[in-house]
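Okay, structure first, notes after.
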Amino acid sequence: MALLVIAEHDNKTLKAATLHAVAAAAAIGGEIHLLVAGKDAKAAAEAATKVAGVAKVLLAEDAAYEHALAEDVAALAVKFAPNYSHVLAPASTFGKNLAPRVAALLDVAQLSDISGVVSPDTFVRPIYAGNALATVQSKDKIKVITVRGTAFPGAATEGGNGAIETISGAGSAGLSRYIGAELSKSERPELTSARVIVSGGRGMQSGDNFKLLESVADKLGAAVGASRAAVDAGFVPNDYQVGQTGKIVAPELYIAVGISGAIQHLAGMKDSKVIVAINKDEEAPIFQIADYGIVGDLFKIVPELDQELAKRQGS
Amino acid sequence: MKVLVAVKRVIDFNVKVRVKPDKTGVETANVKMSMNPFDEIGVEEAVRLKEAGVATEIVAVSLGPQQCQETIRTALAMGADRGIHVLSDAELQPLAVAKLMKAIAEKEHPQLFILGKQAIDDDSNQTGQMLSALLGWSQGTFASKLKLEGGKAMVTREVDGGLETVELKLPAVVTTDLRLNEPRYASLPNIMKAKKKPIEQLTPEALKVDVTPRLVTLKVEEPAKRQGGKKVGSVQELVDKLKNEARVI
C-alpha cells in the first residue's frame with residue numbers, strides 16, 4: 001500500500017501544513033510519496049525528500065503549477081492517484097481548494113479535515129463546529145483526505161531519504177489564471193504553527209488597538225489572531241481569523257482578549273493547551289473554557305500584562 | 001446571464017447542537033432550521049448581480065426533504081426568481097450533491113453557479129469544488145470579491161496568507177466566504193411575492209443520479225469537555241500561574 005501526499009509549498013520550501021499531512025499518512029501506514037507540483041520547484045522537492053518517512057517525491061514542473069491552480073494541479077494528481085490507496089492534503093486553503101476536485105474526478109468521496117485515524121478506511125472528523133466528532137468509514141477504493149494540522153504533530157524535516165522522480169501532466173487547461181496576491185507580511189510566526197497566540201475580538205474596538213496585542217505578542221514570540229467579529233468589523237485582515245471557517249489553531253498558550261467566545265470561534269481554538277481570557281463581561285462564554293480568566297477592562301489589563309512581561313524579561 | 005445558487009437547509013447557527021444518546025447523529029427533532037449562512041451570502045451576491053444588470057435570472061436550488069422548499073422560499077424572498085427542489089429523504093453526501101447539481105446545470109445552462117464555501121453542519125467544504133470538477137469548469141473558492149466582465153469572472157479569494165485574485169473563464173463555480181457581502185433581510189412584501197414564485201420539483205431518479213452514500217458514519221460522539229472557568233485576580237497572578245503552574249511562558 002502506498003499513500004500520496006500533495007505537498008503545499010512556495011516552490012522553495014515546504015509549508016508546515018505538509019508535514020502534518022505526512023504525519024497523518026504515517027499514522028495510516030504504508031509507503032509515503034509526496035507530490036510537489038510547481039515551477040522551478042526543485043528546492044521544495046529536495047526539502048521533501050528529507051522529510052522523515054517519505055520514500056519518493058514526484059516532481060512536476062510546469063508554469064501552470066506555479067500558483068497551485070486547483071483545475072490544473074487536480075488534473076495532474078488524478079493522473080497518478082490510481083497508484084495509491086490514499087491521497088492526502090493539508091486542510092489549509094490550498095488543500096481545501098484542491099482535494100475535493102481530485103476526489104470528484106476519481107468519483108470517490110472525500111473525508112474532510114480528519115483529526116484521527118482509526119484504521120486505513122476509518123477516520124474521525126469534527127462536525128458542527130467541533131461540537132460533535134464523527135467516526136466515518138469510507139467504502140471507496142481510493143480515500144481522498146484533508147488533514148487537520150493541529151491533530152497530527154508534524155513529521156520531522158530531517159531523516160528522510162526519498163528519491164525524486166520527475167513526472168509531467170497536461171499543464172494548463174486554460175480554465176483559470178492567477179492574477180496576483182496580497183499577502184500579509186509579518187515578522188511574527190504563522191498562526192497555525194505558533195506556540196503562543198494573542199487574539200483580539202470585537203472588544204478591541206479598532207484596528208489601531210491591536211498594537212496593544214502586538215506588543216504583548218512580541219514579548220512572547222506569539223502570533224496575533226482575531227475573532228470573526230474583529231475581521232468583519234475591518235480591524236484586521238481575513239487571514240487573522242481563528243474559528244470554524246477560519247484557521248484552526250492549537251498553540252501551547254492562547255490569550256483571548258475582548259473575545260466573547262461564540263461557538264464558531266471556540267471551534268477554532270478550544271484544543272489549545274492553555275487558554276487565557278481577558279474580558280469585561282464575566283458571563284462571557286469564553287470564561288467557561290479558559291484555564292485562567294481575568295474579568296476587567298482590557299485597555300487596563302493588556303498594558304499591565306505588557307509591562308509585567310517586560311519587567312520579567314528584564315530581570 | 002443565468003445564475004444558479006445552491007441553498008442548504010441546516011440547523012440554525014444559533015442552536016447548540018446535541019449529540020443523540022445512541023450516537024447515531026445529532027438531535028434534529030424540534031430544532032430550528034435555517035439557510036446555511038454561506039448560502040445566504042451566495043443568494044445575496046446573485047441578487048446584487050441582478051440589480052447591477054449583470055444577471056438576468058436567478059435560480060435557487062436545494063436538495064433534500066420536502067422542507068427544503070422553505071429554504072428555497074427564503075431565497076426567493078431575497079430576490080431569486082424561481083426554485084428547483086430535488087426531493088430526497090436519503091442522506092445526500094457532497095459527491096452525490098455535486099452530481100445532482102451537475103445534472104441541473106446541464107438542464108439550465110447557467111454561466112455562474114454560486115455555492116457557500118461550506119455548510120455549517122458537516123463542515124465538509126467540498127461541494128463547490130466537486131461540482132466544478134464534474135462540469136469541467138473553472139472554480140473560484142472562498143470568494144471575498146466577485147466581478148464579472150468581458151466573459152470572465154475576477155474572484156478575490158481568502159487564502160491562509162491573505163488574499164489571492166484569479167481570473168476565471170465562464171461558466172464558473174464560485175464559493176462564498178464571509179466577507180463577500182452582508183445578506184439582506186427579506187422584506188414582508190417580498191416574502192409575500194415569493195409565495196407566488198415557481199418551484200420545480202425533481203428527484204434523483206429523474207436526474208438519473210446514483211446518490212448511494214460512499215461514507216458510512218459509524219458513530220457520532222461529543223468531544224471531551226474542557227475543564228475551565230478558573231479566574232485570577234491580577235495580572236501578576238496570571239503571569240505567575242502561566243510561568244509556574246502551566247509552564248507555558
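Labels used: A, B, ... for chains in the order of the C-alpha cells, numbers from 1 for residues in each chain, and numbers from 1 for ligands as shown.
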Within 6 Å of chain A: each chain B residue with its shortest pair, only C-alpha atoms, as CSV:
```
residue,atom,partner,partner_atom,distance
B:Leu95,CA,A:Ala109,CA,5.9
B:Asp121,CA,A:Tyr128,CA,4.8
B:Asp122,CA,A:Ile127,CA,5.0
B:Asp123,CA,A:Ile127,CA,5.8
B:Ser124,CA,A:Ser112,CA,5.5
B:Gln126,CA,A:Pro100,CA,5.2
B:Gln129,CA,A:Arg101,CA,5.3
B:Met130,CA,A:Arg101,CA,5.0
B:Ala133,CA,A:Arg101,CA,5.3
B:Ser138,CA,A:Leu175,CA,5.1
B:Val159,CA,A:Thr93,CA,5.5
B:Asp160,CA,A:Asp239,CA,5.6
B:Gly161,CA,A:Leu183,CA,5.2
B:Gly162,CA,A:Leu183,CA,4.5
B:Leu163,CA,A:Glu182,CA,5.1
B:Glu164,CA,A:Ala181,CA,4.1
B:Thr165,CA,A:Gly180,CA,5.3
B:Val166,CA,A:Tyr178,CA,4.6
B:Glu167,CA,A:Arg177,CA,5.1
B:Leu168,CA,A:Ser176,CA,4.5
B:Lys169,CA,A:Leu175,CA,5.4
B:Arg214,CA,A:Lys139,CA,5.5
B:Leu215,CA,A:Ser138,CA,4.6
B:Val216,CA,A:Gln137,CA,5.1
B:Thr217,CA,A:Val136,CA,4.5
B:Leu218,CA,A:Thr135,CA,5.5
B:Lys219,CA,A:Thr135,CA,5.3
B:Val220,CA,A:Ala134,CA,4.4
B:Glu221,CA,A:Leu133,CA,5.2
B:Glu222,CA,A:Ala132,CA,4.8
B:Pro223,CA,A:Ala132,CA,5.9
B:Arg226,CA,A:Ile289,CA,5.9
B:Gly228,CA,A:Ile289,CA,4.2
B:Gly229,CA,A:Gln288,CA,4.5
B:Lys230,CA,A:Tyr292,CA,5.3
B:Lys231,CA,A:Gly293,CA,4.4
B:Val232,CA,A:Ile294,CA,5.7
B:Val235,CA,A:Leu305,CA,5.8
```
Could those residues be written to a file, using C-alpha atoms, as a CSV table (one decimal), in the first residue's frame?
```csv
chain,number,residue,atom,x,y,z
B,95,LEU,CA,-20.3,13.9,-4.1
B,121,ASP,CA,-23.5,21.2,9.7
B,122,ASP,CA,-21.0,18.7,8.2
B,123,ASP,CA,-18.3,21.4,7.7
B,124,SER,CA,-17.1,19.5,4.6
B,126,GLN,CA,-16.3,20.1,-0.8
B,129,GLN,CA,-15.1,22.2,-5.9
B,130,MET,CA,-16.6,18.8,-6.8
B,133,ALA,CA,-14.6,19.3,-11.4
B,138,SER,CA,-13.2,26.8,-13.5
B,159,VAL,CA,-6.4,32.3,1.5
B,160,ASP,CA,-4.3,31.4,4.5
B,161,GLY,CA,-1.7,34.1,3.8
B,162,GLY,CA,-4.1,36.9,2.8
B,163,LEU,CA,-5.9,37.4,-0.5
B,164,GLU,CA,-5.4,36.0,-3.9
B,165,THR,CA,-7.0,37.0,-7.2
B,166,VAL,CA,-7.8,34.6,-10.1
B,167,GLU,CA,-9.4,35.2,-13.4
B,168,LEU,CA,-11.9,32.5,-14.4
B,169,LYS,CA,-13.3,31.5,-17.8
B,214,ARG,CA,-19.9,6.3,-0.1
B,215,LEU,CA,-19.1,7.2,3.5
B,216,VAL,CA,-20.7,5.4,6.5
B,217,THR,CA,-21.0,7.2,9.8
B,218,LEU,CA,-20.2,4.6,12.4
B,219,LYS,CA,-20.8,6.9,15.4
B,220,VAL,CA,-21.1,10.5,16.4
B,221,GLU,CA,-19.8,11.5,19.8
B,222,GLU,CA,-19.4,14.5,22.0
B,223,PRO,CA,-15.9,15.7,22.2
B,226,ARG,CA,-12.7,21.2,28.6
B,228,GLY,CA,-12.2,25.8,32.5
B,229,GLY,CA,-13.8,28.5,34.5
B,230,LYS,CA,-10.9,29.4,36.9
B,231,LYS,CA,-10.4,33.1,37.4
B,232,VAL,CA,-7.4,35.0,38.6
B,235,VAL,CA,-2.1,40.3,36.0
```
>> For the structure I just gave you, how does DSSP split range 81-215 of chain B - specifically, which residues are strand (DSSP E or B)? Reply as a VMD selection string.
In response: chain B and resid 82 to 87 112 to 116 138 to 149 152 to 159 162 to 169 172 to 176 199 to 202 215
Write the selection just made, keeping C-alpha atoms, as a tab-separated table (two decimals), in the first residue's frame?
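The result, stored in out33.tsv:
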```tsv
chain	number	residue	atom	x	y	z
B	82	ARG	CA	-37.53	30.63	-9.19
B	83	GLY	CA	-36.54	27.47	-7.42
B	84	ILE	CA	-35.57	23.89	-8.13
B	85	HIS	CA	-36.03	21.31	-5.42
B	86	VAL	CA	-34.65	17.79	-5.71
B	87	LEU	CA	-36.73	15.76	-3.29
B	112	LEU	CA	-22.31	31.03	-12.94
B	113	PHE	CA	-23.07	28.60	-10.12
B	114	ILE	CA	-22.66	30.10	-6.65
B	115	LEU	CA	-22.40	27.91	-3.52
B	116	GLY	CA	-21.43	28.55	0.07
B	138	SER	CA	-13.20	26.82	-13.52
B	139	GLN	CA	-13.52	27.44	-9.79
B	140	GLY	CA	-13.12	30.44	-7.53
B	141	THR	CA	-13.39	29.25	-3.95
B	142	PHE	CA	-13.64	31.28	-0.70
B	143	ALA	CA	-14.53	34.45	-2.60
B	144	SER	CA	-14.48	37.81	-0.89
B	145	LYS	CA	-14.95	39.76	-4.10
B	146	LEU	CA	-16.54	38.85	-7.42
B	147	LYS	CA	-16.53	40.90	-10.60
B	148	LEU	CA	-17.88	39.81	-13.96
B	149	GLU	CA	-16.60	41.47	-17.09
B	152	LYS	CA	-14.65	36.38	-17.35
B	153	ALA	CA	-15.03	36.35	-13.61
B	154	MET	CA	-12.45	38.04	-11.39
B	155	VAL	CA	-12.50	36.41	-7.99
B	156	THR	CA	-10.59	37.59	-4.94
B	157	ARG	CA	-10.12	34.62	-2.65
B	158	GLU	CA	-9.49	34.48	1.09
B	159	VAL	CA	-6.41	32.27	1.47
B	162	GLY	CA	-4.12	36.87	2.84
B	163	LEU	CA	-5.92	37.42	-0.46
B	164	GLU	CA	-5.41	35.98	-3.93
B	165	THR	CA	-7.03	37.01	-7.20
B	166	VAL	CA	-7.80	34.64	-10.05
B	167	GLU	CA	-9.45	35.19	-13.40
B	168	LEU	CA	-11.94	32.51	-14.39
B	169	LYS	CA	-13.25	31.52	-17.75
B	172	ALA	CA	-17.60	29.06	-13.44
B	173	VAL	CA	-18.32	27.82	-9.94
B	174	VAL	CA	-17.78	30.35	-7.17
B	175	THR	CA	-17.95	29.57	-3.46
B	176	THR	CA	-18.57	32.34	-0.96
B	199	ILE	CA	-40.56	25.89	-7.52
B	200	GLU	CA	-39.94	22.92	-9.79
B	201	GLN	CA	-39.66	19.57	-8.04
B	202	LEU	CA	-37.35	16.82	-9.31
B	215	LEU	CA	-19.12	7.16	3.55
```
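Note that CA of Val51 in chain A and CA of Asn161 in chain A are 7.6 Å apart.
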> Residues of range 172-307 of chain A in helix (DSSP H, G or I) according to DSSP, as an MDAnalysis selection string?
Replying inline: chainID A and resid 191:193 202:204 210:220 228:232 238:240 263:269 286:289 298:307
Requested write-out: N, CA and C atoms of the selected residues, as a short mmCIF file (atom, residue, chain, number, x, y, z; two decimals), in the first residue's frame:
```cif
data_model
loop_
_atom_site.label_atom_id
_atom_site.label_comp_id
_atom_site.auth_asym_id
_atom_site.auth_seq_id
_atom_site.Cartn_x
_atom_site.Cartn_y
_atom_site.Cartn_z
N LEU A 191 0.13 31.80 12.23
CA LEU A 191 -0.90 31.42 13.22
C LEU A 191 -0.96 29.92 13.45
N THR A 192 -0.96 29.16 12.35
CA THR A 192 -1.22 27.73 12.50
C THR A 192 -0.03 26.97 13.08
N SER A 193 1.15 27.61 13.17
CA SER A 193 2.26 26.88 13.75
C SER A 193 2.84 27.59 14.97
N ARG A 202 -14.10 41.74 19.10
CA ARG A 202 -14.82 42.99 18.92
C ARG A 202 -14.47 44.01 20.00
N GLY A 203 -14.17 43.50 21.21
CA GLY A 203 -13.82 44.35 22.34
C GLY A 203 -12.61 45.24 22.09
N MET A 204 -11.82 44.93 21.07
CA MET A 204 -10.64 45.75 20.78
C MET A 204 -11.04 47.13 20.24
N PHE A 210 -5.10 47.00 18.11
CA PHE A 210 -4.39 45.72 18.02
C PHE A 210 -2.90 45.88 18.33
N LYS A 211 -2.40 47.14 18.28
CA LYS A 211 -1.00 47.38 18.64
C LYS A 211 -0.71 46.93 20.07
N LEU A 212 -1.73 47.07 20.92
CA LEU A 212 -1.58 46.61 22.31
C LEU A 212 -1.26 45.12 22.33
N LEU A 213 -1.96 44.37 21.47
CA LEU A 213 -1.76 42.91 21.43
C LEU A 213 -0.42 42.57 20.79
N GLU A 214 -0.07 43.36 19.77
CA GLU A 214 1.21 43.09 19.09
C GLU A 214 2.39 43.23 20.05
N SER A 215 2.29 44.20 20.93
CA SER A 215 3.37 44.43 21.88
C SER A 215 3.50 43.22 22.81
N VAL A 216 2.38 42.72 23.30
CA VAL A 216 2.39 41.52 24.15
C VAL A 216 2.91 40.33 23.34
N ALA A 217 2.42 40.21 22.12
CA ALA A 217 2.81 39.09 21.26
C ALA A 217 4.32 39.07 21.06
N ASP A 218 4.90 40.23 20.84
CA ASP A 218 6.34 40.28 20.58
C ASP A 218 7.16 39.85 21.79
N LYS A 219 6.60 40.09 22.98
CA LYS A 219 7.33 39.66 24.19
C LYS A 219 7.23 38.15 24.39
N LEU A 220 6.23 37.54 23.79
CA LEU A 220 6.03 36.09 23.98
C LEU A 220 6.42 35.29 22.74
N ARG A 228 -13.91 36.33 14.33
CA ARG A 228 -14.60 36.74 13.11
C ARG A 228 -15.15 38.16 13.27
N ALA A 229 -15.66 38.48 14.46
CA ALA A 229 -16.26 39.80 14.68
C ALA A 229 -15.23 40.90 14.38
N ALA A 230 -13.99 40.69 14.81
CA ALA A 230 -12.95 41.70 14.60
C ALA A 230 -12.58 41.81 13.11
N VAL A 231 -12.62 40.68 12.42
CA VAL A 231 -12.30 40.70 10.98
C VAL A 231 -13.45 41.35 10.21
N ASP A 232 -14.67 40.95 10.54
CA ASP A 232 -15.84 41.53 9.86
C ASP A 232 -15.91 43.04 10.07
N ASN A 238 -8.46 39.26 6.80
CA ASN A 238 -9.11 37.96 6.92
C ASN A 238 -8.20 36.84 7.41
N ASP A 239 -6.90 36.94 7.08
CA ASP A 239 -6.03 35.82 7.42
C ASP A 239 -5.73 35.76 8.91
N TYR A 240 -6.25 36.72 9.70
CA TYR A 240 -6.11 36.66 11.16
C TYR A 240 -7.18 35.77 11.78
N ILE A 263 -19.57 30.12 19.50
CA ILE A 263 -19.29 28.71 19.18
C ILE A 263 -18.31 28.60 18.04
N GLN A 264 -18.53 29.43 17.00
CA GLN A 264 -17.67 29.28 15.82
C GLN A 264 -16.22 29.72 16.10
N HIS A 265 -16.02 30.59 17.08
CA HIS A 265 -14.64 30.93 17.44
C HIS A 265 -14.01 29.81 18.28
N LEU A 266 -14.76 29.31 19.24
CA LEU A 266 -14.26 28.23 20.10
C LEU A 266 -13.84 27.04 19.24
N ALA A 267 -14.57 26.81 18.16
CA ALA A 267 -14.27 25.68 17.28
C ALA A 267 -12.85 25.76 16.74
N GLY A 268 -12.32 26.97 16.65
CA GLY A 268 -11.00 27.14 16.05
C GLY A 268 -9.86 27.10 17.03
N MET A 269 -10.16 27.14 18.36
CA MET A 269 -9.05 27.27 19.32
C MET A 269 -9.19 26.44 20.58
N ILE A 286 -16.47 32.56 26.87
CA ILE A 286 -15.05 32.23 26.76
C ILE A 286 -14.49 31.80 28.11
N PHE A 287 -15.04 32.35 29.21
CA PHE A 287 -14.51 32.01 30.53
C PHE A 287 -14.77 30.54 30.89
N GLN A 288 -15.83 29.96 30.31
CA GLN A 288 -16.14 28.56 30.64
C GLN A 288 -15.06 27.60 30.15
N ILE A 289 -14.32 27.99 29.14
CA ILE A 289 -13.29 27.08 28.64
C ILE A 289 -11.88 27.58 28.97
N LEU A 298 -10.00 45.51 29.22
CA LEU A 298 -8.79 45.07 28.52
C LEU A 298 -7.81 46.22 28.31
N PHE A 299 -8.34 47.44 28.20
CA PHE A 299 -7.44 48.57 27.94
C PHE A 299 -6.60 48.92 29.18
N LYS A 300 -6.97 48.34 30.31
CA LYS A 300 -6.17 48.50 31.52
C LYS A 300 -5.30 47.24 31.69
N ILE A 301 -5.91 46.08 31.44
CA ILE A 301 -5.23 44.81 31.75
C ILE A 301 -4.12 44.50 30.75
N VAL A 302 -4.38 44.73 29.47
CA VAL A 302 -3.37 44.36 28.48
C VAL A 302 -2.07 45.17 28.65
N PRO A 303 -2.16 46.50 28.84
CA PRO A 303 -0.91 47.24 29.10
C PRO A 303 -0.21 46.76 30.38
N GLU A 304 -0.99 46.39 31.38
CA GLU A 304 -0.41 45.86 32.61
C GLU A 304 0.35 44.57 32.34
N LEU A 305 -0.29 43.72 31.55
CA LEU A 305 0.32 42.43 31.18
C LEU A 305 1.61 42.69 30.40
N ASP A 306 1.54 43.65 29.50
CA ASP A 306 2.70 44.01 28.68
C ASP A 306 3.87 44.44 29.58
N GLN A 307 3.55 45.28 30.56
CA GLN A 307 4.59 45.77 31.47
C GLN A 307 5.15 44.65 32.34
#
```
For the interface of range 92-177 of chain A with range 26-45 of chain A (cut-off 9 Å, counting only C-alpha atoms), please tabulate each contacting residue of range 92-177 of chain A alongside its nearest pair of atoms and their separation in Å to one decimal, rows sorted by chain and increasing number, as a Markdown table.
```
| residue | atom | partner | partner_atom | distance |
| --- | --- | --- | --- | --- |
| A:Gly116 | CA | A:Ala27 | CA | 8.8 |
| A:Val117 | CA | A:Ile28 | CA | 6.4 |
| A:Val118 | CA | A:Ile28 | CA | 8.2 |
| A:Ser119 | CA | A:Ile28 | CA | 6.6 |
| A:Pro120 | CA | A:Ile28 | CA | 5.3 |
| A:Asp121 | CA | A:Ile28 | CA | 8.7 |
| A:Phe152 | CA | A:Ala27 | CA | 8.8 |
| A:Ala155 | CA | A:Ala26 | CA | 8.7 |
| A:Gly162 | CA | A:His33 | CA | 8.3 |
| A:Ile164 | CA | A:Ala45 | CA | 7.3 |
```
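For the residues B:Val61, B:Ala52, B:Ile120, B:Val97, ranking by smallest atom-to-atom distance to Asp12 in chain B using only C-alpha atoms places B:Ile120 first.
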